[in-house]
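One file, structure-v8.pdb, is given below (PDB, C-alpha atoms and all ligand atoms).
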ATOM      1  CA  MET G   1     -13.558  -5.167  -9.703
ATOM      2  CA  GLU G   2     -14.592  -2.115 -11.672
ATOM      3  CA  LYS G   3     -13.116  -2.218 -15.152
ATOM      4  CA  SER G   4     -11.472   0.780 -16.796
ATOM      5  CA  GLU G   5     -11.004   1.124 -20.534
ATOM      6  CA  TRP G   6      -7.222   1.041 -20.901
ATOM      7  CA  ILE G   7      -4.193  -0.631 -19.313
ATOM      8  CA  TRP G   8      -0.608   0.419 -20.022
ATOM      9  CA  MET G   9       1.417  -2.651 -20.936
ATOM     10  CA  ASN G  10       5.069  -2.631 -21.968
ATOM     11  CA  GLY G  11       4.891   0.865 -23.425
ATOM     12  CA  GLU G  12       1.485   0.639 -25.077
ATOM     13  CA  PHE G  13      -2.089   1.398 -24.125
ATOM     14  CA  VAL G  14      -4.147  -1.749 -24.603
ATOM     15  CA  ALA G  15      -7.843  -2.403 -24.052
ATOM     16  CA  TRP G  16      -8.551  -3.710 -20.521
ATOM     17  CA  ASP G  17      -9.765  -7.110 -21.782
ATOM     18  CA  ASP G  18      -6.743  -7.569 -24.054
ATOM     19  CA  ALA G  19      -4.074  -7.064 -21.371
ATOM     20  CA  LYS G  20      -3.092 -10.738 -21.180
ATOM     21  CA  VAL G  21      -0.003 -12.852 -20.414
ATOM     22  CA  HIS G  22       1.192 -16.329 -21.409
ATOM     23  CA  VAL G  23       0.390 -19.115 -18.898
ATOM     24  CA  LEU G  24       4.097 -19.950 -18.787
ATOM     25  CA  SER G  25       5.028 -16.484 -17.574
ATOM     26  CA  HIS G  26       7.705 -16.874 -14.916
ATOM     27  CA  GLY G  27       6.003 -14.601 -12.386
ATOM     28  CA  LEU G  28       2.855 -16.708 -12.441
ATOM     29  CA  HIS G  29       4.826 -19.788 -11.345
ATOM     30  CA  TYR G  30       7.328 -18.363  -8.889
ATOM     31  CA  GLY G  31       5.931 -15.000  -7.785
ATOM     32  CA  THR G  32       8.813 -13.127  -9.390
ATOM     33  CA  GLY G  33       7.224  -9.720  -9.521
ATOM     34  CA  VAL G  34       7.269  -6.406  -7.703
ATOM     35  CA  PHE G  35       4.423  -3.968  -7.512
ATOM     36  CA  GLU G  36       2.983  -0.851  -5.955
ATOM     37  CA  GLY G  37      -0.372   0.252  -4.639
ATOM     38  CA  ILE G  38      -0.952   3.968  -5.130
ATOM     39  CA  ARG G  39      -3.984   6.216  -4.934
ATOM     40  CA  CYS G  40      -5.079   9.212  -6.952
ATOM     41  CA  TYR G  41      -7.586  11.568  -5.302
ATOM     42  CA  GLU G  42      -9.888  14.185  -6.690
ATOM     43  CA  THR G  43      -8.659  17.586  -5.492
ATOM     44  CA  ASP G  44      -9.334  21.256  -6.324
ATOM     45  CA  ARG G  45      -6.307  21.120  -8.604
ATOM     46  CA  GLY G  46      -7.579  18.047 -10.464
ATOM     47  CA  PRO G  47      -6.806  14.355  -9.958
ATOM     48  CA  ALA G  48      -3.675  14.134  -7.783
ATOM     49  CA  ILE G  49      -1.510  11.098  -7.085
ATOM     50  CA  PHE G  50      -0.433  10.829  -3.465
ATOM     51  CA  ARG G  51       3.351  10.570  -3.021
ATOM     52  CA  HIS G  52       3.795   9.193  -6.540
ATOM     53  CA  ARG G  53       7.585   9.666  -6.604
ATOM     54  CA  GLU G  54       8.052   7.763  -3.350
ATOM     55  CA  HIS G  55       5.954   4.870  -4.621
ATOM     56  CA  LEU G  56       7.902   4.675  -7.882
ATOM     57  CA  GLU G  57      11.140   4.827  -5.938
ATOM     58  CA  ARG G  58       9.997   1.914  -3.772
ATOM     59  CA  LEU G  59       9.088  -0.022  -6.939
ATOM     60  CA  GLU G  60      12.629   0.528  -8.225
ATOM     61  CA  ASN G  61      14.062  -0.533  -4.874
ATOM     62  CA  SER G  62      11.918  -3.685  -4.747
ATOM     63  CA  ALA G  63      13.043  -4.561  -8.290
ATOM     64  CA  GLU G  64      16.677  -3.996  -7.377
ATOM     65  CA  LEU G  65      16.362  -6.213  -4.288
ATOM     66  CA  TYR G  66      15.034  -9.082  -6.426
ATOM     67  CA  TYR G  67      17.486  -8.554  -9.334
ATOM     68  CA  LEU G  68      14.745  -7.531 -11.760
ATOM     69  CA  PRO G  69      16.054  -5.020 -14.296
ATOM     70  CA  LEU G  70      13.226  -2.549 -14.928
ATOM     71  CA  PRO G  71      12.990  -1.615 -18.608
ATOM     72  CA  TYR G  72      11.276   1.685 -17.763
ATOM     73  CA  GLY G  73      12.481   4.436 -15.472
ATOM     74  CA  ALA G  74      10.405   6.257 -12.881
ATOM     75  CA  ASP G  75       9.841   9.241 -15.194
ATOM     76  CA  GLU G  76       8.485   7.019 -17.960
ATOM     77  CA  LEU G  77       6.177   5.192 -15.556
ATOM     78  CA  ARG G  78       5.019   8.472 -14.085
ATOM     79  CA  GLY G  79       4.190   9.875 -17.530
ATOM     80  CA  ALA G  80       2.458   6.646 -18.569
ATOM     81  CA  THR G  81       0.350   6.709 -15.407
ATOM     82  CA  HIS G  82      -0.736  10.317 -15.967
ATOM     83  CA  GLU G  83      -1.736   9.533 -19.523
ATOM     84  CA  LEU G  84      -3.533   6.371 -18.434
ATOM     85  CA  ILE G  85      -5.625   8.263 -15.884
ATOM     86  CA  ARG G  86      -6.513  10.859 -18.522
ATOM     87  CA  ARG G  87      -7.415   8.254 -21.149
ATOM     88  CA  ASN G  88      -9.596   6.394 -18.702
ATOM     89  CA  GLY G  89     -11.303   9.642 -17.744
ATOM     90  CA  LEU G  90     -10.819   8.977 -14.025
ATOM     91  CA  ARG G  91     -10.907  11.702 -11.370
ATOM     92  CA  SER G  92      -9.806   9.375  -8.579
ATOM     93  CA  CYS G  93      -8.517   5.805  -8.703
ATOM     94  CA  TYR G  94      -6.273   3.093  -7.366
ATOM     95  CA  ILE G  95      -3.028   2.653  -9.344
ATOM     96  CA  ARG G  96      -1.270  -0.693  -9.676
ATOM     97  CA  PRO G  97       2.136  -0.769 -11.372
ATOM     98  CA  LEU G  98       3.540  -4.312 -11.642
ATOM     99  CA  ALA G  99       6.844  -5.587 -13.056
ATOM    100  CA  PHE G 100       7.284  -9.337 -13.410
ATOM    101  CA  ARG G 101       9.388 -11.945 -15.160
ATOM    102  CA  GLY G 102       7.432 -12.823 -18.253
ATOM    103  CA  TYR G 103       7.424 -15.652 -20.762
ATOM    104  CA  GLY G 104      10.613 -17.096 -22.239
ATOM    105  CA  GLU G 105      12.523 -19.169 -19.728
ATOM    106  CA  MET G 106      11.614 -21.419 -16.786
ATOM    107  CA  GLY G 107      13.708 -22.436 -13.788
ATOM    108  CA  LEU G 108      14.905 -20.341 -10.902
ATOM    109  CA  TYR G 109      17.699 -18.459 -12.630
ATOM    110  CA  ALA G 110      15.696 -17.253 -15.608
ATOM    111  CA  LYS G 111      17.715 -14.214 -16.545
ATOM    112  CA  SER G 112      16.570 -14.296 -20.141
ATOM    113  CA  ALA G 113      12.871 -14.182 -19.281
ATOM    114  CA  PRO G 114      11.807 -10.615 -20.085
ATOM    115  CA  VAL G 115      10.697  -8.220 -17.364
ATOM    116  CA  ASP G 116       7.178  -7.140 -18.353
ATOM    117  CA  VAL G 117       5.687  -3.991 -16.894
ATOM    118  CA  ILE G 118       2.053  -2.940 -16.617
ATOM    119  CA  VAL G 119       0.206  -0.081 -14.992
ATOM    120  CA  ALA G 120      -3.514  -0.489 -14.311
ATOM    121  CA  VAL G 121      -5.889   2.091 -12.841
ATOM    122  CA  TRP G 122      -9.439   1.570 -11.652
ATOM    123  CA  SER G 123     -12.020   2.881  -9.223
ATOM    124  CA  TRP G 124     -11.604   1.204  -5.862
ATOM    125  CA  GLY G 125     -13.180   2.374  -2.636
ATOM    126  CA  ALA G 126     -11.576   2.101   0.804
ATOM    127  CA  TYR G 127     -10.107  -1.431   1.099
ATOM    128  CA  LEU G 128     -11.648  -2.218   4.495
ATOM    129  CA  GLY G 129     -14.732  -0.114   3.792
ATOM    130  CA  ASP G 130     -15.969   3.302   4.882
ATOM    131  CA  GLU G 131     -17.658   1.891   7.957
ATOM    132  CA  ALA G 132     -14.280   0.508   9.092
ATOM    133  CA  LYS G 133     -12.774   3.985   8.760
ATOM    134  CA  ARG G 134     -15.539   5.423  10.925
ATOM    135  CA  ARG G 135     -16.075   2.731  13.557
ATOM    136  CA  GLY G 136     -12.814   0.800  13.500
ATOM    137  CA  VAL G 137     -12.107  -2.874  12.828
ATOM    138  CA  ARG G 138     -11.844  -6.034  14.879
ATOM    139  CA  ALA G 139      -8.358  -7.478  14.441
ATOM    140  CA  LYS G 140      -6.834 -10.831  15.271
ATOM    141  CA  VAL G 141      -3.205 -11.679  15.898
ATOM    142  CA  SER G 142      -2.315 -14.194  13.228
ATOM    143  CA  SER G 143      -0.858 -17.622  13.908
ATOM    144  CA  TRP G 144       1.214 -17.017  10.775
ATOM    145  CA  ARG G 145       4.385 -15.042  11.486
ATOM    146  CA  ARG G 146       5.441 -12.176   9.236
ATOM    147  CA  ILE G 147       8.122 -13.155   6.699
ATOM    148  CA  SER G 148      11.551 -12.928   8.252
ATOM    149  CA  PRO G 149      14.497 -10.983   6.803
ATOM    150  CA  THR G 150      16.463 -14.233   7.156
ATOM    151  CA  GLY G 151      14.434 -15.798   4.342
ATOM    152  CA  LEU G 152      12.824 -13.016   2.333
ATOM    153  CA  ILE G 153      12.910  -9.231   2.180
ATOM    154  CA  PRO G 154      10.179  -7.540   4.239
ATOM    155  CA  HIS G 155      11.156  -4.152   2.796
ATOM    156  CA  ALA G 156      10.408  -5.279  -0.767
ATOM    157  CA  LYS G 157       6.875  -5.138  -2.121
ATOM    158  CA  ALA G 158       7.236  -8.392  -4.015
ATOM    159  CA  SER G 159       4.403 -10.516  -5.411
ATOM    160  CA  GLY G 160       5.434 -13.894  -3.972
ATOM    161  CA  GLN G 161       5.819 -12.456  -0.492
ATOM    162  CA  TYR G 162       2.097 -11.744  -0.373
ATOM    163  CA  LEU G 163       1.306 -15.427   0.159
ATOM    164  CA  ASN G 164       2.268 -14.689   3.766
ATOM    165  CA  SER G 165      -0.211 -11.802   3.985
ATOM    166  CA  ILE G 166      -2.890 -13.895   2.271
ATOM    167  CA  LEU G 167      -2.552 -16.716   4.831
ATOM    168  CA  ALA G 168      -2.886 -14.231   7.684
ATOM    169  CA  LYS G 169      -5.790 -12.346   6.137
ATOM    170  CA  THR G 170      -7.639 -15.559   5.268
ATOM    171  CA  GLU G 171      -7.248 -16.925   8.777
ATOM    172  CA  ALA G 172      -8.531 -13.681  10.312
ATOM    173  CA  ALA G 173     -11.454 -13.353   7.885
ATOM    174  CA  ASN G 174     -12.481 -17.008   8.340
ATOM    175  CA  ALA G 175     -12.516 -16.455  12.092
ATOM    176  CA  GLY G 176     -14.822 -13.441  11.649
ATOM    177  CA  TYR G 177     -12.297 -10.596  12.063
ATOM    178  CA  GLU G 178     -11.682  -7.781   9.595
ATOM    179  CA  GLU G 179      -7.906  -7.717   9.708
ATOM    180  CA  ALA G 180      -4.881  -9.718  10.837
ATOM    181  CA  ILE G 181      -1.915  -8.454  12.836
ATOM    182  CA  LEU G 182       1.341 -10.279  12.204
ATOM    183  CA  LEU G 183       4.101 -10.859  14.740
ATOM    184  CA  ASP G 184       7.725 -11.676  13.972
ATOM    185  CA  GLU G 185       9.490 -14.923  14.896
ATOM    186  CA  VAL G 186      10.143 -13.835  18.491
ATOM    187  CA  GLY G 187       6.631 -12.497  19.049
ATOM    188  CA  GLY G 188       7.257  -8.787  18.406
ATOM    189  CA  VAL G 189       4.486  -6.851  16.644
ATOM    190  CA  CYS G 190       5.067  -6.119  12.929
ATOM    191  CA  GLU G 191       2.014  -4.873  11.034
ATOM    192  CA  GLY G 192      -1.355  -5.685   9.494
ATOM    193  CA  SER G 193      -1.651  -7.932   6.435
ATOM    194  CA  GLY G 194      -1.573  -4.869   4.172
ATOM    195  CA  GLU G 195      -1.092  -1.926   6.529
ATOM    196  CA  ASN G 196       1.382  -0.571   9.055
ATOM    197  CA  LEU G 197       0.303  -0.316  12.663
ATOM    198  CA  PHE G 198       0.345   2.365  15.359
ATOM    199  CA  VAL G 199      -0.643   2.156  19.019
ATOM    200  CA  VAL G 200      -1.041   4.962  21.534
ATOM    201  CA  ARG G 201       0.708   4.317  24.857
ATOM    202  CA  GLU G 202       0.583   6.984  27.560
ATOM    203  CA  GLY G 203      -0.225   9.608  24.970
ATOM    204  CA  THR G 204       2.689   8.668  22.701
ATOM    205  CA  LEU G 205       2.257   7.177  19.238
ATOM    206  CA  VAL G 206       4.315   4.032  18.922
ATOM    207  CA  THR G 207       5.022   2.101  15.730
ATOM    208  CA  PRO G 208       7.496  -0.715  15.017
ATOM    209  CA  GLY G 209      10.772   0.389  13.437
ATOM    210  CA  HIS G 210      12.500  -0.707  10.253
ATOM    211  CA  THR G 211      14.132  -3.789  11.744
ATOM    212  CA  ALA G 212      10.732  -5.198  12.763
ATOM    213  CA  SER G 213      10.095  -6.931   9.397
ATOM    214  CA  ILE G 214       7.711  -4.215   8.247
ATOM    215  CA  LEU G 215       7.117  -2.808   4.808
ATOM    216  CA  ASP G 216       8.481   0.741   4.812
ATOM    217  CA  GLY G 217       5.008   2.161   4.293
ATOM    218  CA  ILE G 218       4.479   5.502   2.634
ATOM    219  CA  SER G 219       1.279   6.119   4.604
ATOM    220  CA  ARG G 220       3.229   5.305   7.781
ATOM    221  CA  LYS G 221       5.843   7.902   6.876
ATOM    222  CA  SER G 222       3.135  10.469   6.101
ATOM    223  CA  VAL G 223       1.258   9.784   9.339
ATOM    224  CA  ILE G 224       4.451  10.109  11.392
ATOM    225  CA  GLN G 225       5.068  13.508   9.792
ATOM    226  CA  ILE G 226       1.472  14.636  10.333
ATOM    227  CA  ALA G 227       1.456  13.466  13.964
ATOM    228  CA  GLU G 228       4.703  15.266  14.708
ATOM    229  CA  ASP G 229       3.462  18.427  12.997
ATOM    230  CA  LEU G 230       0.356  18.258  15.210
ATOM    231  CA  GLY G 231       2.604  18.026  18.273
ATOM    232  CA  TYR G 232       2.083  14.357  19.166
ATOM    233  CA  PRO G 233       5.216  12.495  20.237
ATOM    234  CA  VAL G 234       6.040   9.544  17.959
ATOM    235  CA  VAL G 235       8.409   6.716  18.855
ATOM    236  CA  GLU G 236       9.612   3.925  16.576
ATOM    237  CA  ARG G 237      10.346   0.909  18.762
ATOM    238  CA  ASP G 238       9.569  -2.764  19.309
ATOM    239  CA  ILE G 239       6.031  -3.419  20.482
ATOM    240  CA  ALA G 240       5.143  -6.386  22.689
ATOM    241  CA  ARG G 241       1.970  -8.334  21.927
ATOM    242  CA  SER G 242       0.459  -7.402  25.296
ATOM    243  CA  GLU G 243       0.812  -3.727  24.406
ATOM    244  CA  LEU G 244      -1.736  -4.265  21.649
ATOM    245  CA  TYR G 245      -4.331  -5.277  24.227
ATOM    246  CA  LEU G 246      -3.400  -2.509  26.667
ATOM    247  CA  ALA G 247      -3.185   0.269  24.080
ATOM    248  CA  GLU G 248      -5.253   3.410  24.662
ATOM    249  CA  GLU G 249      -5.798   3.576  20.921
ATOM    250  CA  ALA G 250      -4.601   1.666  17.870
ATOM    251  CA  PHE G 251      -4.900   2.133  14.130
ATOM    252  CA  LEU G 252      -3.722   0.804  10.774
ATOM    253  CA  VAL G 253      -2.443   2.839   7.837
ATOM    254  CA  GLY G 254      -1.934   1.867   4.226
ATOM    255  CA  THR G 255      -2.611   3.189   0.757
ATOM    256  CA  ALA G 256      -5.513   0.843   0.058
ATOM    257  CA  ALA G 257      -7.132   0.995   3.513
ATOM    258  CA  GLU G 258      -6.112   4.613   4.356
ATOM    259  CA  LEU G 259      -6.298   5.223   8.136
ATOM    260  CA  VAL G 260      -8.460   2.677   9.930
ATOM    261  CA  PRO G 261      -8.964   2.622  13.722
ATOM    262  CA  ILE G 262      -8.809  -0.724  15.523
ATOM    263  CA  ARG G 263     -11.610  -1.171  18.037
ATOM    264  CA  GLU G 264     -10.841  -4.678  19.248
ATOM    265  CA  ILE G 265      -7.818  -7.016  19.174
ATOM    266  CA  ASP G 266      -8.194 -10.727  19.990
ATOM    267  CA  ASP G 267     -11.505  -9.902  21.699
ATOM    268  CA  HIS G 268      -9.898  -7.277  23.962
ATOM    269  CA  PRO G 269     -12.004  -4.138  23.391
ATOM    270  CA  LEU G 270     -10.092  -0.898  22.791
ATOM    271  CA  GLY G 271     -13.305   1.057  22.538
ATOM    272  CA  GLU G 272     -14.536   3.625  20.070
ATOM    273  CA  PRO G 273     -11.829   5.312  17.959
ATOM    274  CA  GLY G 274      -9.917   7.622  20.327
ATOM    275  CA  GLU G 275      -9.215  11.305  20.018
ATOM    276  CA  ILE G 276      -5.620  11.076  18.786
ATOM    277  CA  THR G 277      -6.696   8.601  16.109
ATOM    278  CA  ARG G 278      -9.574  10.850  15.066
ATOM    279  CA  VAL G 279      -7.472  14.012  14.872
ATOM    280  CA  ILE G 280      -4.722  12.358  12.846
ATOM    281  CA  GLN G 281      -7.219  10.578  10.601
ATOM    282  CA  ALA G 282      -8.967  13.853   9.767
ATOM    283  CA  ARG G 283      -5.675  15.605   9.008
ATOM    284  CA  TYR G 284      -4.491  12.664   6.920
ATOM    285  CA  GLU G 285      -7.726  12.642   4.895
ATOM    286  CA  ASP G 286      -7.291  16.383   4.326
ATOM    287  CA  ALA G 287      -3.708  15.819   3.159
ATOM    288  CA  LEU G 288      -4.777  13.051   0.748
ATOM    289  CA  HIS G 289      -7.413  15.319  -0.795
ATOM    290  CA  GLY G 290      -5.138  18.356  -1.130
ATOM    291  CA  ARG G 291      -6.814  20.379   1.610
ATOM    292  CA  VAL G 292      -3.632  21.135   3.592
ATOM    293  CA  ASP G 293      -1.210  23.629   2.037
ATOM    294  CA  GLU G 294       1.824  22.295   3.852
ATOM    295  CA  TYR G 295       1.356  18.824   2.343
ATOM    296  CA  LEU G 296       0.575  19.877  -1.234
ATOM    297  CA  GLU G 297       4.089  18.861  -2.235
ATOM    298  CA  TRP G 298       3.000  15.249  -1.620
ATOM    299  CA  LEU G 299       0.579  15.483  -4.539
ATOM    300  CA  ASP G 300       1.442  14.790  -8.164
ATOM    301  CA  VAL G 301      -1.343  16.541 -10.080
ATOM    302  CA  VAL G 302      -2.490  14.920 -13.330
ATOM    303  CA  GLU G 303      -2.809  17.766 -15.812
ATOM    304  CA  GLN G 304      -6.127  17.944 -17.679
ATOM    305  CA  PRO G 305      -7.474  17.804 -20.302
ATOM    306  CA  SER G 306      -5.641  15.235 -22.369
ATOM    307  CA  LYS G 307      -3.978  16.576 -25.517
ATOM    308  CA  VAL G 308      -3.934  13.052 -26.959
ATOM    309  CA  THR G 309      -7.026  11.617 -28.587
ATOM    310  CA  THR G 310      -7.544   7.922 -29.006
TER
HETATM  311  C1  LIG S   1       2.413  -5.676   3.991
HETATM  312  C2  LIG S   1       2.122  -4.213   3.901
HETATM  313  N1  LIG S   1       2.470  -3.394   4.913
HETATM  314  C3  LIG S   1       2.226  -2.083   4.870
HETATM  315  C4  LIG S   1       1.612  -1.494   3.785
HETATM  316  C5  LIG S   1       1.364  -0.011   3.755
HETATM  317  O1  LIG S   1       2.221   0.585   2.823
HETATM  318  P1  LIG S   1       1.804   1.926   2.073
HETATM  319  O2  LIG S   1       1.423   2.895   3.114
HETATM  320  O3  LIG S   1       3.033   2.349   1.361
HETATM  321  O4  LIG S   1       0.685   1.601   1.180
HETATM  322  C6  LIG S   1       1.222  -2.298   2.711
HETATM  323  C7  LIG S   1       0.577  -1.718   1.534
HETATM  324  O5  LIG S   1       1.201  -1.530   0.543
HETATM  325  C8  LIG S   1       1.502  -3.682   2.763
HETATM  326  O6  LIG S   1       1.147  -4.486   1.751
END
Could you render the structure as structure tokens?
Ligand SMILES: Cc1ncc(COP(=O)(O)O)c(C=O)c1O
Amino acid sequence: MEKSEWIWMNGEFVAWDDAKVHVLSHGLHYGTGVFEGIRCYETDRGPAIFRHREHLERLENSAELYYLPLPYGADELRGATHELIRRNGLRSCYIRPLAFRGYGEMGLYAKSAPVDVIVAVWSWGAYLGDEAKRRGVRAKVSSWRRISPTGLIPHAKASGQYLNSILAKTEAANAGYEEAILLDEVGGVCEGSGENLFVVREGTLVTPGHTASILDGISRKSVIQIAEDLGYPVVERDIARSELYLAEEAFLVGTAAELVPIREIDDHPLGEPGEITRVIQARYEDALHGRVDEYLEWLDVVEQPSKVTT
């Protein structure tokens, strides 16, 4: 990964190489952490963080769901992130806030272990690559089922839960595919390993709803809004596995990957990225980069230049 100069750690800016934790940190052993993946884009107004408030709200919700008291509020984390981007001199970047149980107590009910919080920012290109955004990816339905709400909390973006995504992604990659699609326990379609999923069926955009063990994706929400504003019908409903293969078009959306067409699922070709996918992708890219007036309210502009010197 591409190093930056500074990381914000428990209220202080520390040098990238000095941002370390104890090996007995609770989160390292049990996955007791919650995090976010956010992007900041270069725009005419300066670096702008896409839907920052919504991401910080989801971080707070994830923490609440796992009984992690966050020592910093959303406003503090927002301010810290702005300052971090300025100090690192970045115009665009990926942003990773993480809160985890730190060092101090072991065992499963470690209420006295502190909750440590970091925010890191670095340059990171499109997660599945630019070629994937243009041509689409080959996806494989995973043999690993998406975590169930009977055992974990699909709506939380929690560190330990990502072992599920990692199994699915590893299986797909080892089999020569670019991305995995996870089903739930009864075979309904959920999402990609790190993205929400849309299919086009008879001209309508269809995406699984909130009870389908999905992460409540912020890109998903944005794409639904954009599609509706463009006049495309959008339906949130259960999707059968066979509908993936019969879809006119299909695509994935997530902060890291952005909007990526799917060109093949389980060796069933869907073809070149379709028109609806292309139109929405272009509009979404414009929204991310501050080129659409009606979506400017989604951007949290990082004021420049920094008034603080280091
Ligand atoms: C499992 C999973 N689903 C969906 C998403 C997409 O969410 P968002 O659009 O908020 O990045 C992500 C990425 O955070 C994810 O990890």
* Asked: Could you spell out the hits of the PyMOL selection byres (((not hetatm)) within 7 of (chain S and resi 1)) on the shown file, as a ChimeraX atom specification?
  -> /G:36-38,157,165,191-196,214-220,253-256
* To do: Would you work out the distance separating CA of Pro261 (chain G) from CA of Glu178 (chain G), expressed in Å to one decimal?
  =>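 Distance reported for this atom pair: 11.5 Å.
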* Asked: What is the CA of Glu272 (chain G) to CA of Tyr295 (chain G) distance in Å?
  ->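 Value for the CA of Glu272 (chain G)-CA of Tyr295 (chain G) distance: 28.2 Å.
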* Asked: What does the PyMOL selection byres (((chain G and resi 292-294) around 12) and not hetatm) select in this file, as a ChimeraX atom specification?
  -> /G:43-44,225-226,229,282-291,295-299
* May I have the residues within 8 Å of Leu56 (chain G) as a list in words, using all atoms listed in the file and disregarding those fewer than 5 positions away in the same chain? =>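 Answer for this query is Glu36, Ala74, Leu77 and Arg78 of chain G.
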* Applied to this file, what does the PyMOL selection byres (((chain G and resi 3) around 8) and not hetatm) return in terms of residues, put as a ChimeraX atom specification? -> /G:1-2,4-5,16,122-123
Please write the residues from the selection above to a file, keeping C-alpha atoms, as a short mmCIF file (atom, residue, chain, number, x, y, z; two decimals), in the frame of the given file.
data_model
loop_
_atom_site.label_atom_id
_atom_site.label_comp_id
_atom_site.auth_asym_id
_atom_site.auth_seq_id
_atom_site.Cartn_x
_atom_site.Cartn_y
_atom_site.Cartn_z
CA MET G 1 -13.56 -5.17 -9.70
CA GLU G 2 -14.59 -2.12 -11.67
CA SER G 4 -11.47 0.78 -16.80
CA GLU G 5 -11.00 1.12 -20.53
CA TRP G 16 -8.55 -3.71 -20.52
CA TRP G 122 -9.44 1.57 -11.65
CA SER G 123 -12.02 2.88 -9.22
#
* Asked: Between G:Val234, G:Leu167, G:Cys40, G:Val141, which is the closest to Cys190 (chain G) once you count only C-alpha atoms?
  ->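 Between G:Val234, G:Leu167, G:Cys40, G:Val141, the residue approaching Cys190 (chain G) most closely is G:Val141.
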Output requested as a short mmCIF file (atom, residue, chain, number, x, y, z; two decimals), in the coordinates of the input - region 73-78 of chain G, filled out with all heavy atoms.
data_model
loop_
_atom_site.label_atom_id
_atom_site.label_comp_id
_atom_site.auth_asym_id
_atom_site.auth_seq_id
_atom_site.Cartn_x
_atom_site.Cartn_y
_atom_site.Cartn_z
N GLY G 73 12.09 3.65 -16.63
CA GLY G 73 12.48 4.44 -15.47
C GLY G 73 11.26 5.06 -14.81
O GLY G 73 10.14 5.03 -15.34
N ALA G 74 11.50 5.66 -13.65
CA ALA G 74 10.40 6.26 -12.88
C ALA G 74 9.71 7.36 -13.68
O ALA G 74 8.48 7.49 -13.62
CB ALA G 74 10.94 6.79 -11.56
N ASP G 75 10.46 8.16 -14.43
CA ASP G 75 9.84 9.24 -15.19
C ASP G 75 8.90 8.70 -16.26
O ASP G 75 7.80 9.23 -16.48
CB ASP G 75 10.91 10.12 -15.86
CG ASP G 75 11.60 11.01 -14.84
OD1 ASP G 75 11.03 11.19 -13.74
OD2 ASP G 75 12.71 11.49 -15.12
N GLU G 76 9.34 7.62 -16.93
CA GLU G 76 8.48 7.02 -17.96
C GLU G 76 7.20 6.45 -17.33
O GLU G 76 6.10 6.62 -17.87
CB GLU G 76 9.22 5.88 -18.67
CG GLU G 76 10.23 6.35 -19.69
CD GLU G 76 11.11 5.20 -20.16
OE1 GLU G 76 11.91 4.71 -19.34
OE2 GLU G 76 10.98 4.80 -21.32
N LEU G 77 7.36 5.79 -16.20
CA LEU G 77 6.18 5.19 -15.56
C LEU G 77 5.24 6.28 -15.04
O LEU G 77 4.02 6.15 -15.10
CB LEU G 77 6.60 4.26 -14.42
CG LEU G 77 7.36 3.00 -14.86
CD1 LEU G 77 7.78 2.17 -13.65
CD2 LEU G 77 6.49 2.14 -15.80
N ARG G 78 5.84 7.37 -14.57
CA ARG G 78 5.02 8.47 -14.08
C ARG G 78 4.20 9.06 -15.25
O ARG G 78 2.99 9.24 -15.15
CB ARG G 78 5.91 9.55 -13.46
CG ARG G 78 5.16 10.79 -13.06
CD ARG G 78 6.06 11.79 -12.33
NE ARG G 78 5.29 13.00 -12.08
CZ ARG G 78 5.33 14.09 -12.84
NH1 ARG G 78 6.12 14.14 -13.90
NH2 ARG G 78 4.58 15.13 -12.55
#
